[in-house]
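Taking it in order: structure first as structure tokens, then the write-up.
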Amino acid sequence: MNKFIGVSVLSGALAAGLVIPLTGLVDLGTQKVSETVESLPQELRTAPLQIRSRILAADGSLIATLFEQNRVPVTLAQIHPVMRQAIVAIEDSRFYSHGALDAKGTLRALVRNQTGGEVQQGGSSITQQYVKLSLIDKARTAEEREAATAVTYERKLTELRYAISLEEEVSKDEILERYLNLANFGDGTYGVEAAAQHYFRTSAAKLTLPQAALLAGLVKNPTGYDPTNNLKRARDRRDVVLRRMQELNLITAQQTDAALKTPVVDLTRIQKVPNGCAGSRYPFYCEYVVSKLLQNPALGATTKERDHYLKTGGLSVKTSLDPRIQAAAQASINEHTKPRDTAVAAITVVEPGTGVVKAMVQSKPYGNGKYETAYNYNVEKSYAGGYGGFQNGSTMKAFTIAAAISQGIPLNYRINSPQQIDLRQTRFRTCKGWTRDKEYQPQNSTKSGDLTMLEAARYSTNTYFLQLSQRTGLCAPATIAAKLGMYNAQSLGPLAQVVSFTLGVGYTTPLMLSNAYATFAARGKYCTPVLVTSIRDTAGKPISTPGATCRQAISPQVADGVNRVLSAVMEPGGTGGRLNFGNWDLAGKTGTIQDNRAVWYAGYAPNLAAASVVADANLPYTNLMYGHTLDGRDIADPTGSGTAGPLWKTAMQKALPGLPLRRFTPPTAKVVGSDQKKPNEKKPADNDDDNRGRGNERTR
């Protein structure tokens with residue numbers, strides 16, 4: 001009796017033009033129905049379509065895809081007509097002839113339903129399905145999701161009211177387009193374009209009849225009919241769609257028979273789209289880029305909002321990574337290391353004068369396995385994957401050199417530099433007063449004697465630069481280092497102004513050091529590191545992104561002087577002499593820390609700078625000489641020039657070709673000073689490199 005009344009009421013309502021699903025309204029009660037209808041909203045407000053975002057290299061090649069839903073939106077014109085026919089045939093064959101409600105379908109569902117407060121079978125039109133999908137997609141909380149999926153007549157009434165309003169505002173074609181872009185097509189794909197790419201490695205515009213039938217059949221039960229889950233069920237469902245299309249005279253019997261004989265899908269050719277940086281060719285660089293994007297307020301007010309927008313906004317993020325230079329750096333890693341080495345190696349390459357980070361590589365592959373890591377050894381500890389750097393030894397001497405030149409101390413300035421020096425009673429001026437180390441008696445591991453700044457740099461004579469830093473004070477080199485982007489990569493605070501500052505202090509990273517040295521190459525112009533060069537939304541509109549902040553950190557004359565001194569390091573007899581190559585102007589500095597726990601080489605040409613490090617990355621840090629391997633062999637004598645240097649050299653040798661040949665600007669006569677060099681000096685062999693970090697233990 002209730003069914004009969006329900007059918008009668010529905011028929012009358014349809015005749016009156018009130019197209020709402022009154023199925024079961026007798027059970028709900030007249031007053032409740034009246035209240036529900038009166039309170040229904042009219043305008044459907046949908047959330048922006050969730051679209052996957054892409055992170056791109058400088059040349060436009062793909063680095064990574066980020067998404068919550070793997071979707072690529074297309075227009076209806078970009079969807080093959082056979083796909084449109086298939087989805088309409090199986091989901092709502094009278095879609096173009098009825099209103100928001102398919103009366104016949106609803107009546108048929110009504111007859112099959114049981115009485116009660118729950119909907120047992122639906123007769124939803126494509127418009128109603130789109131409304132439901134939209135409400136589910138828009139839900140952000142558990143309560144909203146529960147309301148959007150509740151199996152009640154109140155929800156069905158709400159959906160239908162939205163559907164009625166929607167059909168008054170947009171065309172059937174637009175509704176179908178939205179539906180095909182929003183629907184779930186199984187195996188993590190959303191929208192027909194992503195589904196076509198995923199299952200068939202084609203586009204929605206090129207789908208064949210059997211392919212379209214398979215996709216159309218998935219919408220009803222994306223998991224149950226997913227061919228990667230159950231190939232037989234997927235075939236059966238596809239065949240239902242094909243026969244329905246024949247029944248509606250959309251295809252011929254011959255077309256149906258041919259399509260039925262077609263294999264459902266080649267499971268070996270399923271095209272998975274890696275989600276996130278873990279599946280990227282450059283996972284460490286990618287994660288660092290994402291960490292910077294999550295700091296960009298233009299992408300949202302909070303980190304959570306930025307993360308959501310980044311994965312759903314269809315953004316195109318162009319980065320600084322140069323695939324050619326990245327390949328050069330990776331080739332160096334491949335040549336000089338093995339993934340199972342106990343020591344780790346890392347290289348960062350930066351463009352002087354722009355701050356553009358061209359490459360970032362390391363020896364340990366990305367992952368959680370025994371010989372893998374999720375830590376990026378090139379960057380600071382500012383996000384979960386940032387390792388936080390290593391002590392950097394005598395590479396810090398460059399900042400003492402810059403401070404001395406800026407104070408008028410010439411390159412030919414001589415200091416008597418004994419093999420060992422007692423600094424226990426020597427005070428060093430800091431930015432806040434004075435400091436000293438009551439136990440500090442550092443020594444040289446290379447040449448000693450009466451040396452000029454050029455000679456002391458060539459041999460990395462510790463006692464020379466410690467005395468030089470006593471003359472300049474610690475505040476001056478520390479201030480210059482800070483201006484060039486140097487800070488403690490673990491604490492993220494300033495570098496400590498301690499007596500051993502010039503021999504290495506705190507923790508630094510290849511990114512930080514290569515960018516600081518790039519400042520010398522750019523004649524004193526410092527630029528903050530740039531990884532993201534542009535962001536565009538799904539419409540191609542640019543989104544604000546922090547670019548390089550460049551400034552003249554030190555004068556060109558001071559930088560020219562530093563370049564001359566560090567060029568001497570790479571001359572014959574210098575600690576970096578074996579690393580020179582070709583016709584390029586090159587400058588650099590070695591670094592070795594206390595107990596050989598890390599060795600460095602940082603160097604540059606006028607248009608490219610790089611820093612390499614080889615280190616023990618496992619606490620407690622140990623001497624690289626004992627029990628550590630590199631390139632599958634024991635490290636017998638770890639040095640900046642002999643261990644980290646070859647990594648730098650190979651990377652630069654492969655990266656520089658193709659770039660214009662440029663020269664350093666010679667320093668002025670005033671910067672060089674008078675030539676006081678003593679005759680008949682014997683040059684030492686270039687088989688050692690520097691202080692081995694003696695004194696660096698004071699800065700741990």
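Identifiers in the structure tokens: chain A, B, ... in order shown; residue index from 1 per chain; ligand index from 1 in order shown.
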
Open item on the list: At a cut-off of 6 Å, using only C-alpha atoms, what residues contact range 156-164 of chain A? Leave out same-chain residues fewer than 2 positions from it and give the result as a ChimeraX atom specification.
Closed with: /A:40,42,44,100,127-128,153-154,166-167

Let's have the selection written as a short mmCIF file (atom, residue, chain, number, x, y, z; two decimals), in the first residue's frame, with N, CA, C and O atoms.
data_model
loop_
_atom_site.label_atom_id
_atom_site.label_comp_id
_atom_site.auth_asym_id
_atom_site.auth_seq_id
_atom_site.Cartn_x
_atom_site.Cartn_y
_atom_site.Cartn_z
N LEU A 40 15.92 23.22 1.89
CA LEU A 40 16.95 22.82 0.94
C LEU A 40 17.64 24.01 0.32
O LEU A 40 16.98 24.97 -0.10
N GLN A 42 19.75 25.87 -2.80
CA GLN A 42 19.49 25.81 -4.23
C GLN A 42 20.77 25.82 -5.05
O GLN A 42 20.92 25.01 -5.97
N LEU A 44 24.49 25.10 -6.05
CA LEU A 44 25.56 24.17 -5.73
C LEU A 44 26.90 24.88 -5.80
O LEU A 44 27.31 25.37 -6.86
N ALA A 100 16.61 17.10 -14.26
CA ALA A 100 17.58 16.69 -13.26
C ALA A 100 17.30 15.29 -12.74
O ALA A 100 18.19 14.57 -12.32
N THR A 127 23.41 13.98 -13.65
CA THR A 127 23.46 15.26 -12.93
C THR A 127 23.46 15.01 -11.43
O THR A 127 24.23 15.63 -10.68
N GLN A 128 22.59 14.10 -10.96
CA GLN A 128 22.56 13.79 -9.53
C GLN A 128 23.88 13.16 -9.08
O GLN A 128 24.39 13.47 -7.99
N TYR A 153 17.00 9.62 2.75
CA TYR A 153 16.23 10.38 1.78
C TYR A 153 16.49 11.87 1.88
O TYR A 153 16.41 12.59 0.89
N GLU A 154 16.83 12.33 3.09
CA GLU A 154 17.15 13.76 3.22
C GLU A 154 18.33 14.13 2.32
O GLU A 154 18.32 15.17 1.66
N LEU A 166 21.28 23.22 -10.82
CA LEU A 166 22.41 23.13 -11.73
C LEU A 166 21.95 23.05 -13.18
O LEU A 166 22.53 23.71 -14.06
N GLU A 167 20.92 22.27 -13.44
CA GLU A 167 20.44 22.13 -14.82
C GLU A 167 19.82 23.42 -15.35
O GLU A 167 19.71 23.61 -16.56
#

Open item on the list: Could you pull out the alpha helix (DSSP H) residues of range 132-174 of chain A, going by DSSP on the backbone, and write them as a ChimeraX atom specification?
Closed with: /A:132-138,142-149,153-169,172-174

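Distances from A:Leu566, A:Val614, A:Leu579, A:Val357 to Trp600 in chain A were compared using only C-alpha atoms, and the smallest one belongs to A:Val614.
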
Open item on the list: Under the rule that only C-alpha atoms are counted, which of A:Thr75, A:Asn296, A:Ser61, A:Gln246 is the nearest residue to Ile90 in chain A?
Closed with: A:Gln246

Would you kindly return, as a PDB file with C-alpha atoms, in the first residue's frame, each protein, DNA or RNA residue with an atom no farther than 10 Å from any atom of Val240 in chain A, considering only C-alpha atoms and excluding same-chain residues fewer than 5 positions away?
ATOM      1  CA  ILE A  90      25.500   2.801 -19.052  1.00  0.00           C
ATOM      2  CA  ALA A 213      33.515   0.811 -22.533  1.00  0.00           C
ATOM      3  CA  LEU A 214      35.950  -0.334 -19.855  1.00  0.00           C
ATOM      4  CA  GLY A 217      32.000   0.620 -16.586  1.00  0.00           C
ATOM      5  CA  ALA A 234      36.414  -5.785 -15.354  1.00  0.00           C
ATOM      6  CA  ARG A 235      35.835  -7.714 -18.601  1.00  0.00           C
ATOM      7  CA  MET A 245      25.491   0.506 -26.366  1.00  0.00           C
ATOM      8  CA  GLN A 246      24.349  -1.973 -29.023  1.00  0.00           C
ATOM      9  CA  LEU A 260      34.090  -8.149 -27.085  1.00  0.00           C
TER      10      LEU A 260
END

For Thr262 in chain A, find every residue with an atom within 12 Å (counting only C-alpha atoms), except residues of its own chain fewer than 3 positions away, and show them as a short mmCIF file (atom, residue, chain, number, x, y, z; two decimals) with N, CA and C atoms, in the first residue's frame.
data_model
loop_
_atom_site.label_atom_id
_atom_site.label_comp_id
_atom_site.auth_asym_id
_atom_site.auth_seq_id
_atom_site.Cartn_x
_atom_site.Cartn_y
_atom_site.Cartn_z
N THR A 208 39.54 4.09 -27.90
CA THR A 208 38.80 3.22 -28.81
C THR A 208 37.50 2.78 -28.14
N LEU A 209 36.64 2.09 -28.89
CA LEU A 209 35.38 1.61 -28.35
C LEU A 209 35.56 0.71 -27.13
N PRO A 210 36.36 -0.37 -27.22
CA PRO A 210 36.49 -1.23 -26.03
C PRO A 210 37.16 -0.52 -24.86
N GLN A 211 38.08 0.40 -25.13
CA GLN A 211 38.70 1.16 -24.06
C GLN A 211 37.69 2.06 -23.37
N ALA A 213 34.48 1.64 -23.26
CA ALA A 213 33.52 0.81 -22.53
C ALA A 213 34.07 0.39 -21.18
N LEU A 214 35.35 0.03 -21.14
CA LEU A 214 35.95 -0.33 -19.86
C LEU A 214 35.90 0.83 -18.88
N ARG A 235 36.29 -7.31 -17.27
CA ARG A 235 35.83 -7.71 -18.60
C ARG A 235 34.32 -7.84 -18.64
N ARG A 238 32.80 -4.44 -18.66
CA ARG A 238 32.99 -3.80 -19.97
C ARG A 238 32.01 -4.34 -20.99
N ASP A 239 31.83 -5.65 -20.97
CA ASP A 239 30.94 -6.28 -21.95
C ASP A 239 29.49 -5.85 -21.74
N LEU A 242 29.21 -2.57 -23.49
CA LEU A 242 29.17 -2.74 -24.95
C LEU A 242 27.79 -3.21 -25.41
N GLN A 255 30.47 -4.23 -34.59
CA GLN A 255 31.35 -3.47 -33.70
C GLN A 255 31.38 -4.09 -32.30
N THR A 256 30.21 -4.53 -31.86
CA THR A 256 30.12 -5.15 -30.54
C THR A 256 30.94 -6.43 -30.48
N ASP A 257 30.77 -7.29 -31.49
CA ASP A 257 31.50 -8.56 -31.51
C ASP A 257 33.01 -8.33 -31.53
N ALA A 258 33.44 -7.37 -32.34
CA ALA A 258 34.87 -7.09 -32.43
C ALA A 258 35.41 -6.57 -31.10
N ALA A 259 34.65 -5.70 -30.45
CA ALA A 259 35.09 -5.13 -29.18
C ALA A 259 35.12 -6.18 -28.07
N VAL A 265 42.76 -5.10 -20.99
CA VAL A 265 43.86 -4.17 -20.78
C VAL A 265 45.15 -4.97 -20.63
N ASP A 266 46.25 -4.41 -21.08
CA ASP A 266 47.56 -5.04 -20.91
C ASP A 266 48.12 -4.57 -19.56
#

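Picture a line from CA of Cys527 in chain A to CA of Ala57 in chain A; it runs 20.1 Å.
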
Task: Those in range 237-449 of chain A with strand (DSSP E or B) from DSSP, as an MDAnalysis selection string - done: chainID A and resid 275 313 316:319 344:350 356:362 366 373 376 386 390 415:417 420 428:430 433:435 443 449

TODO: Using only C-alpha atoms, determine which residues lie at most 8 Å from Gln330 in chain A, disregarding the query and same-chain residues fewer than 6 positions distant; provide the list as a ChimeraX atom specification.
DONE: /A:361-362,651

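Distances to Leu299 in chain A were evaluated for A:Thr650, A:Thr312, A:Thr426, A:Asn392 using only C-alpha atoms, and the minimum falls at A:Thr312.
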
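Of the residues listed (A:Val264, A:Val499, A:Ala518, A:Ile409), A:Val499 shows the shortest atom-to-atom separation from Glu439 in chain A; distances use only C-alpha atoms.
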
- [ ] Find the spatial neighbours of Pro274 in chain A, counting only C-alpha atoms, within a cut-off of 8 Å - ignore same-chain residues fewer than 3 positions away - and output them as a list of chain:residue names.
- [x] A:Ala64, A:Thr65, A:Ala278, A:Gly279, A:Ser280

Can you write just those residues out, all heavy atoms, as a PDB file, in the first residue's frame?
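In the end it all went to part_32.pdb:
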ATOM      1  N   ALA A  64      58.748  15.905 -10.806  1.00  0.00           N
ATOM      2  CA  ALA A  64      57.824  15.145  -9.960  1.00  0.00           C
ATOM      3  C   ALA A  64      56.401  15.622 -10.180  1.00  0.00           C
ATOM      4  O   ALA A  64      56.161  16.751 -10.622  1.00  0.00           O
ATOM      5  CB  ALA A  64      58.196  15.282  -8.485  1.00  0.00           C
ATOM      6  N   THR A  65      55.466  14.743  -9.855  1.00  0.00           N
ATOM      7  CA  THR A  65      54.043  15.063  -9.870  1.00  0.00           C
ATOM      8  C   THR A  65      53.525  14.931  -8.446  1.00  0.00           C
ATOM      9  O   THR A  65      53.825  13.949  -7.762  1.00  0.00           O
ATOM     10  CB  THR A  65      53.276  14.107 -10.797  1.00  0.00           C
ATOM     11  OG1 THR A  65      53.863  14.133 -12.093  1.00  0.00           O
ATOM     12  CG2 THR A  65      51.814  14.524 -10.913  1.00  0.00           C
ATOM     13  N   ALA A 278      59.489  10.936  -3.843  1.00  0.00           N
ATOM     14  CA  ALA A 278      60.160   9.642  -3.697  1.00  0.00           C
ATOM     15  C   ALA A 278      60.330   8.943  -5.047  1.00  0.00           C
ATOM     16  O   ALA A 278      61.299   8.206  -5.253  1.00  0.00           O
ATOM     17  CB  ALA A 278      59.389   8.752  -2.738  1.00  0.00           C
ATOM     18  N   GLY A 279      59.403   9.184  -5.968  1.00  0.00           N
ATOM     19  CA  GLY A 279      59.476   8.561  -7.277  1.00  0.00           C
ATOM     20  C   GLY A 279      60.186   9.402  -8.315  1.00  0.00           C
ATOM     21  O   GLY A 279      60.217   9.046  -9.496  1.00  0.00           O
ATOM     22  N   SER A 280      60.749  10.525  -7.902  1.00  0.00           N
ATOM     23  CA  SER A 280      61.409  11.444  -8.829  1.00  0.00           C
ATOM     24  C   SER A 280      62.810  10.960  -9.183  1.00  0.00           C
ATOM     25  O   SER A 280      63.446  10.214  -8.432  1.00  0.00           O
ATOM     26  CB  SER A 280      61.494  12.842  -8.197  1.00  0.00           C
ATOM     27  OG  SER A 280      62.334  13.696  -8.951  1.00  0.00           O
TER      28      SER A 280
END

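Remark: for Lys432 in chain A, the closest of the candidate residues A:Gly449, A:Ser165, A:Met570, A:Ala496 is A:Ala496 (distances computed over only C-alpha atoms).
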
Task: CA of Ala521 in chain A to CA of Pro606 in chain A, straight-line distance in Å - done: 4.8 Å
